[in-house]
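Asks: Dropping the structure in here first, questions after.
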Amino acid sequence: MKPVIKWSGSKRIQSAKIKSYFPNIFNTYYEPFIGGGSILYTIKPTKSICGDICKPLIDLWTEIRDNPHKLADGYANRWNRLQKEGHTAYYSIRDNFNAEKSPHDLLFLSRTCVNGLIRFNDKGEFNNSLHYSRPGIKPDSLKKIILDWSSRIQGTTFFADDYTITTATAKAGDIVYLDPPYFHTKGRYFGAINYDKFFEYLADLNRRNIKYLLSFDGMRGNENYTIDLPKELYKRHELIPSGNSTFKKVINKETENVFESLYLNY
């Protein structure tokens, strides 16, 4: 899988393992914290409803689904401008995005900014800088990725809304995958959630007999970051391998294995 949108907390590495925990048969797939969409891509459901409170992100997902060729051409135009004009083109396009919130601008910025991190300030303005040492993915390569993803999400409806609203129509027989901002990573993700309200939401899914999978804080090396999730909310707690941490590798050349939690109510 090659990502079309790079988003903090991507589940690209874990997606195949997480998929193995899905039931063989379900009706509608729901994902109210869509982010980079790795699980959606891997599952490739016939019908899905996905969302996020970040409207520019949802506008970009909608454009990938509905206008992939136009989106690819828009990236090519901006990328060629960057090669010709240099850094002034990047910052001009960034200013334009902050004024108009164009999904075409956002895609370009996400592919040419520092480390590909989509980052907004408190005003909702994109504030990451140009990655000067990288030219960004070439247009022909990105076009193939956009078209691939577009073909896989044709059955998806997107909502720019709160997770409770995105999943309001879910019922028994459907499946909900949840990847909210992690408890111990406040400030790294767009928006925030009230965790007491979120736990009440999980209890409501149980009352409605709706199956869910929840990715959440796990472990890094000997450090345990798992949350004391109320036992009545889930039936299984698995630890999903998530690669190695680079933090201690940079500080003292140690490598730590990282595991993320996966809670299931079935």
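Letters A, B, ... go to the chains of the structure tokens in the order shown; residues in each chain start at 1; ligands are counted from 1 in the same order.
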Write out as a list of chain:residue names the set of residues from region 109-164 of chain A that DSSP, computed on the backbone, places in strand (DSSP E).

Replies: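 DSSP on the backbone gives strand (DSSP E) at A:Thr156, A:Thr157, A:Phe158, A:Phe159.
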
Asks: So that I have them on file, write out the residues from the current selection with all heavy atoms, as a PDB file, in the first residue's frame.

Replies:
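Output file out23.pdb is given in full below:
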ATOM      1  N   THR A 156     -17.705   4.711  -0.592  1.00  0.00           N
ATOM      2  CA  THR A 156     -17.557   5.392   0.697  1.00  0.00           C
ATOM      3  C   THR A 156     -18.247   6.747   0.698  1.00  0.00           C
ATOM      4  O   THR A 156     -18.088   7.543  -0.223  1.00  0.00           O
ATOM      5  CB  THR A 156     -16.063   5.591   1.037  1.00  0.00           C
ATOM      6  OG1 THR A 156     -15.390   4.335   1.015  1.00  0.00           O
ATOM      7  CG2 THR A 156     -15.902   6.224   2.407  1.00  0.00           C
ATOM      8  N   THR A 157     -19.007   6.995   1.754  1.00  0.00           N
ATOM      9  CA  THR A 157     -19.598   8.312   2.010  1.00  0.00           C
ATOM     10  C   THR A 157     -18.769   8.984   3.094  1.00  0.00           C
ATOM     11  O   THR A 157     -18.449   8.362   4.114  1.00  0.00           O
ATOM     12  CB  THR A 157     -21.053   8.183   2.489  1.00  0.00           C
ATOM     13  OG1 THR A 157     -21.820   7.530   1.483  1.00  0.00           O
ATOM     14  CG2 THR A 157     -21.657   9.550   2.771  1.00  0.00           C
ATOM     15  N   PHE A 158     -18.395  10.248   2.875  1.00  0.00           N
ATOM     16  CA  PHE A 158     -17.546  10.962   3.830  1.00  0.00           C
ATOM     17  C   PHE A 158     -18.332  12.056   4.547  1.00  0.00           C
ATOM     18  O   PHE A 158     -19.151  12.753   3.937  1.00  0.00           O
ATOM     19  CB  PHE A 158     -16.345  11.583   3.112  1.00  0.00           C
ATOM     20  CG  PHE A 158     -15.362  10.578   2.591  1.00  0.00           C
ATOM     21  CD1 PHE A 158     -15.312  10.267   1.233  1.00  0.00           C
ATOM     22  CD2 PHE A 158     -14.491   9.934   3.445  1.00  0.00           C
ATOM     23  CE1 PHE A 158     -14.412   9.340   0.745  1.00  0.00           C
ATOM     24  CE2 PHE A 158     -13.576   9.001   2.966  1.00  0.00           C
ATOM     25  CZ  PHE A 158     -13.541   8.698   1.618  1.00  0.00           C
ATOM     26  N   PHE A 159     -18.055  12.199   5.838  1.00  0.00           N
ATOM     27  CA  PHE A 159     -18.663  13.235   6.658  1.00  0.00           C
ATOM     28  C   PHE A 159     -17.577  14.056   7.346  1.00  0.00           C
ATOM     29  O   PHE A 159     -16.659  13.486   7.935  1.00  0.00           O
ATOM     30  CB  PHE A 159     -19.568  12.635   7.742  1.00  0.00           C
ATOM     31  CG  PHE A 159     -20.874  12.098   7.232  1.00  0.00           C
ATOM     32  CD1 PHE A 159     -21.019  10.744   6.963  1.00  0.00           C
ATOM     33  CD2 PHE A 159     -21.956  12.935   7.032  1.00  0.00           C
ATOM     34  CE1 PHE A 159     -22.220  10.231   6.499  1.00  0.00           C
ATOM     35  CE2 PHE A 159     -23.164  12.440   6.562  1.00  0.00           C
ATOM     36  CZ  PHE A 159     -23.298  11.089   6.301  1.00  0.00           C
TER      37      PHE A 159
END

Asks: Could you give me, as a list in words, the residues within 12 Å of Ile13 (chain A), counting only C-alpha atoms and dropping anything in the same chain fewer than 6 positions from it?

Replies: Met1, Lys2, Pro3, Lys19, Ser38, Ile39, Thr42, Ile240, Pro241, Ser242, Gly243, Asn244, Val258, Phe259 and Glu260 of chain A

Asks: Excluding Asn265 (chain A) and residues on its chain fewer than 4 positions from it, collect all residues at most 10 Å away from it, counting only C-alpha atoms, and give them as a VMD selection string.

Replies: chain A and resid 202 to 203 205 to 206 209 to 214 232 to 237

Asks: Return the single residue from A:Thr164, A:Thr255, A:Asn96, A:Ser133 that is closest to Val114 (chain A), with distances computed using only C-alpha atoms.

Replies: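 Looking at the shortest contact to Val114 (chain A), the residue is A:Ser133.
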
Asks: Measuring atom to atom with only C-alpha atoms, identify which of A:Lys17, A:Lys44, A:Lys143, A:Arg12 is nearest to Asn67 (chain A).

Replies: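 Comparing A:Lys17, A:Lys44, A:Lys143, A:Arg12 against Asn67 (chain A), the winner is A:Lys143.
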
Asks: Can you list, as a list of chain:residue names, every protein, DNA or RNA residue that comes within 8 Å of Thr166 (chain A) when you count only C-alpha atoms, leaving out same-chain residues fewer than 5 positions away?

Replies: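 The neighbour list is A:Tyr30, A:Pro32, A:Ile49, A:Cys50, A:Gly51, A:Phe159, A:Asp161.
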
Asks: Among the residues of region 17-249 of chain A, find those DSSP assigns to alpha helix (DSSP H) from the backbone and print them as a PyMOL selection string.

Replies: chain A and resi 17-19+38-43+55-66+68-85+87-100+103-112+139-152+163-166+195-207+247-249

Asks: Find the residue from A:Lys6, A:Lys231, A:Arg208, A:Lys101 that sits nearest to Ala172 (chain A); use only C-alpha atoms when measuring.

Replies: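 Smallest distance to Ala172 (chain A) is found for A:Arg208.
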
Asks: Pick out the closest residue to Gly86 (chain A) from this set: A:Leu117, A:Leu142, A:Cys54, A:Leu130. Count only C-alpha atoms.

Replies: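 Of A:Leu117, A:Leu142, A:Cys54, A:Leu130, the one nearest Gly86 (chain A) is A:Leu130, counting only C-alpha atoms.
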
Asks: Using only C-alpha atoms, which residue out of A:Gln14, A:Thr88, A:Ser8, A:Ser129 lies closest to Ser261 (chain A)?

Replies: A:Gln14

Asks: Point out the residue among A:Ala170, A:Gly218, A:Gly37, A:Leu57 with the least atom-to-atom distance to Ile118 (chain A), counting only C-alpha atoms.

Replies: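 With only C-alpha atoms as the atom set, the closest residue is A:Leu57.
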